[in-house]
Amino acid sequence: MSQQGRQTERYIGWDLIGTGGTANVFRVEDTELRLPVAIKLLNETYRHDEKLLQGLRHEVLISRRLRHEYICPIHDIYEGGRGFGIVMDLLSGTTLR
């Protein structure tokens, strides 16, 4: 089978590492960047709120330009079979709770 006929998933693994009121956070492997990243995936309740999704897309575009030691870098927006989310650096340490 040729490589052209195959479709590969960019994000693999999907290990749940955190939960919250509006989203769950997963540790995944980004097969394009070849590194572990975190995806903050909106809960089902919010996935179909187009106004919220447009606002998040806008925030991601703005925040990608910011560079500061206290800001977690954002890589991409995830829109796929699992819903809508934000792809960001996977940070180690304790939770902010």
# chains A, B, ... in the order shown; residues from 1 in each chain; ligands from 1
>>> residues_around(residues="Glu32 (chain A)", least_positions_apart="3", cutoff="10 Å", atoms="only C-alpha atoms", output="ChimeraX atom specification")
/A:9-11,29,35
>>> write_last_selection(atoms="N, CA, C and O atoms", output="compact mmCIF listing (two decimals), in the first residue's frame")
# COMPACT_ATOMS: atom_id res chain seq x y z
N GLU A 9 -2.82 10.07 11.82
CA GLU A 9 -3.27 11.00 12.85
C GLU A 9 -2.08 11.82 13.30
O GLU A 9 -1.03 11.28 13.63
N ARG A 10 -2.22 13.13 13.34
CA ARG A 10 -1.11 13.99 13.77
C ARG A 10 -0.84 13.83 15.26
O ARG A 10 0.30 13.83 15.70
N TYR A 11 -1.91 13.71 16.06
CA TYR A 11 -1.77 13.61 17.50
C TYR A 11 -2.14 12.21 17.95
O TYR A 11 -3.23 11.72 17.68
N GLU A 29 1.28 12.98 21.67
CA GLU A 29 2.51 13.07 20.89
C GLU A 29 2.16 13.72 19.57
O GLU A 29 1.25 13.27 18.86
N LEU A 35 7.27 15.83 19.23
CA LEU A 35 7.46 16.10 20.65
C LEU A 35 6.13 15.99 21.37
O LEU A 35 5.07 16.11 20.77
>>> closest_atom_pairs(of="region 59-97 of chain A", to="region 42-51 of chain A", cutoff="10 Å", atoms="only C-alpha atoms", output="tab-separated table")
residue	atom	partner	partner_atom	distance
A:Glu79	CA	A:Arg47	CA	10.0
A:Arg82	CA	A:Leu42	CA	9.3
A:Gly83	CA	A:Arg47	CA	6.3
A:Phe84	CA	A:Leu42	CA	5.9
A:Gly85	CA	A:Leu42	CA	5.8
A:Ile86	CA	A:Leu42	CA	8.7
>>> atom_distance(atom1="CA of Glu59 (chain A)", atom2="CA of Thr95 (chain A)")
22.4 Å
>>> select_by_dssp(residues="chain A", states="alpha helix (DSSP H)", output="number ranges by chain")
A: 50-63
>>> write_last_selection(atoms="N, CA, C and O atoms", output="mmCIF file, in the first residue's frame")
data_model
loop_
_atom_site.group_PDB
_atom_site.id
_atom_site.type_symbol
_atom_site.label_atom_id
_atom_site.label_comp_id
_atom_site.auth_asym_id
_atom_site.auth_seq_id
_atom_site.Cartn_x
_atom_site.Cartn_y
_atom_site.Cartn_z
ATOM 1 N N GLU A 50 -20.535 28.338 18.464
ATOM 2 C CA GLU A 50 -19.711 28.956 17.414
ATOM 3 C C GLU A 50 -19.116 30.288 17.851
ATOM 4 O O GLU A 50 -17.988 30.609 17.494
ATOM 5 N N LYS A 51 -19.855 31.056 18.629
ATOM 6 C CA LYS A 51 -19.332 32.335 19.117
ATOM 7 C C LYS A 51 -18.116 32.101 20.028
ATOM 8 O O LYS A 51 -17.101 32.790 19.908
ATOM 9 N N LEU A 52 -18.196 31.110 20.909
ATOM 10 C CA LEU A 52 -17.070 30.762 21.777
ATOM 11 C C LEU A 52 -15.878 30.273 20.959
ATOM 12 O O LEU A 52 -14.742 30.690 21.197
ATOM 13 N N LEU A 53 -16.127 29.429 19.970
ATOM 14 C CA LEU A 53 -15.041 28.894 19.138
ATOM 15 C C LEU A 53 -14.342 30.003 18.358
ATOM 16 O O LEU A 53 -13.110 30.017 18.262
ATOM 17 N N GLN A 54 -15.106 30.945 17.816
ATOM 18 C CA GLN A 54 -14.504 32.080 17.097
ATOM 19 C C GLN A 54 -13.645 32.912 18.042
ATOM 20 O O GLN A 54 -12.558 33.358 17.674
ATOM 21 N N GLY A 55 -14.125 33.137 19.264
ATOM 22 C CA GLY A 55 -13.354 33.880 20.260
ATOM 23 C C GLY A 55 -12.051 33.176 20.605
ATOM 24 O O GLY A 55 -10.997 33.811 20.705
ATOM 25 N N LEU A 56 -12.111 31.856 20.760
ATOM 26 C CA LEU A 56 -10.896 31.096 21.076
ATOM 27 C C LEU A 56 -9.908 31.121 19.910
ATOM 28 O O LEU A 56 -8.702 31.237 20.120
ATOM 29 N N ARG A 57 -10.404 31.001 18.706
ATOM 30 C CA ARG A 57 -9.513 31.076 17.528
ATOM 31 C C ARG A 57 -8.784 32.419 17.517
ATOM 32 O O ARG A 57 -7.579 32.476 17.273
ATOM 33 N N HIS A 58 -9.519 33.491 17.790
ATOM 34 C CA HIS A 58 -8.931 34.829 17.818
ATOM 35 C C HIS A 58 -7.872 34.928 18.932
ATOM 36 O O HIS A 58 -6.776 35.449 18.707
ATOM 37 N N GLU A 59 -8.180 34.421 20.112
ATOM 38 C CA GLU A 59 -7.227 34.448 21.225
ATOM 39 C C GLU A 59 -5.954 33.674 20.896
ATOM 40 O O GLU A 59 -4.855 34.106 21.232
ATOM 41 N N VAL A 60 -6.119 32.528 20.244
ATOM 42 C CA VAL A 60 -4.950 31.718 19.881
ATOM 43 C C VAL A 60 -4.061 32.485 18.916
ATOM 44 O O VAL A 60 -2.838 32.522 19.073
ATOM 45 N N LEU A 61 -4.657 33.129 17.912
ATOM 46 C CA LEU A 61 -3.867 33.890 16.943
ATOM 47 C C LEU A 61 -3.087 35.011 17.625
ATOM 48 O O LEU A 61 -1.926 35.266 17.296
ATOM 49 N N ILE A 62 -3.709 35.687 18.576
ATOM 50 C CA ILE A 62 -3.029 36.765 19.301
ATOM 51 C C ILE A 62 -1.949 36.204 20.223
ATOM 52 O O ILE A 62 -0.818 36.686 20.231
ATOM 53 N N SER A 63 -2.297 35.175 20.982
ATOM 54 C CA SER A 63 -1.352 34.656 21.985
ATOM 55 C C SER A 63 -0.142 33.974 21.358
ATOM 56 O O SER A 63 0.912 33.885 21.994
#
>>> residues_around(residues="Ile12 (chain A)", least_positions_apart="6", cutoff="10 Å", atoms="only C-alpha atoms", output="number ranges by chain")
A: 27-31, 36
>>> write_last_selection(atoms="C-alpha atoms", output="compact mmCIF listing (two decimals), in the first residue's frame")
# COMPACT_ATOMS: atom_id res chain seq x y z
CA ARG A 27 -0.86 14.64 26.89
CA VAL A 28 -0.37 13.67 23.25
CA GLU A 29 2.51 13.07 20.89
CA ASP A 30 2.65 15.51 17.96
CA THR A 31 3.89 13.41 15.05
CA PRO A 36 4.94 15.70 23.46
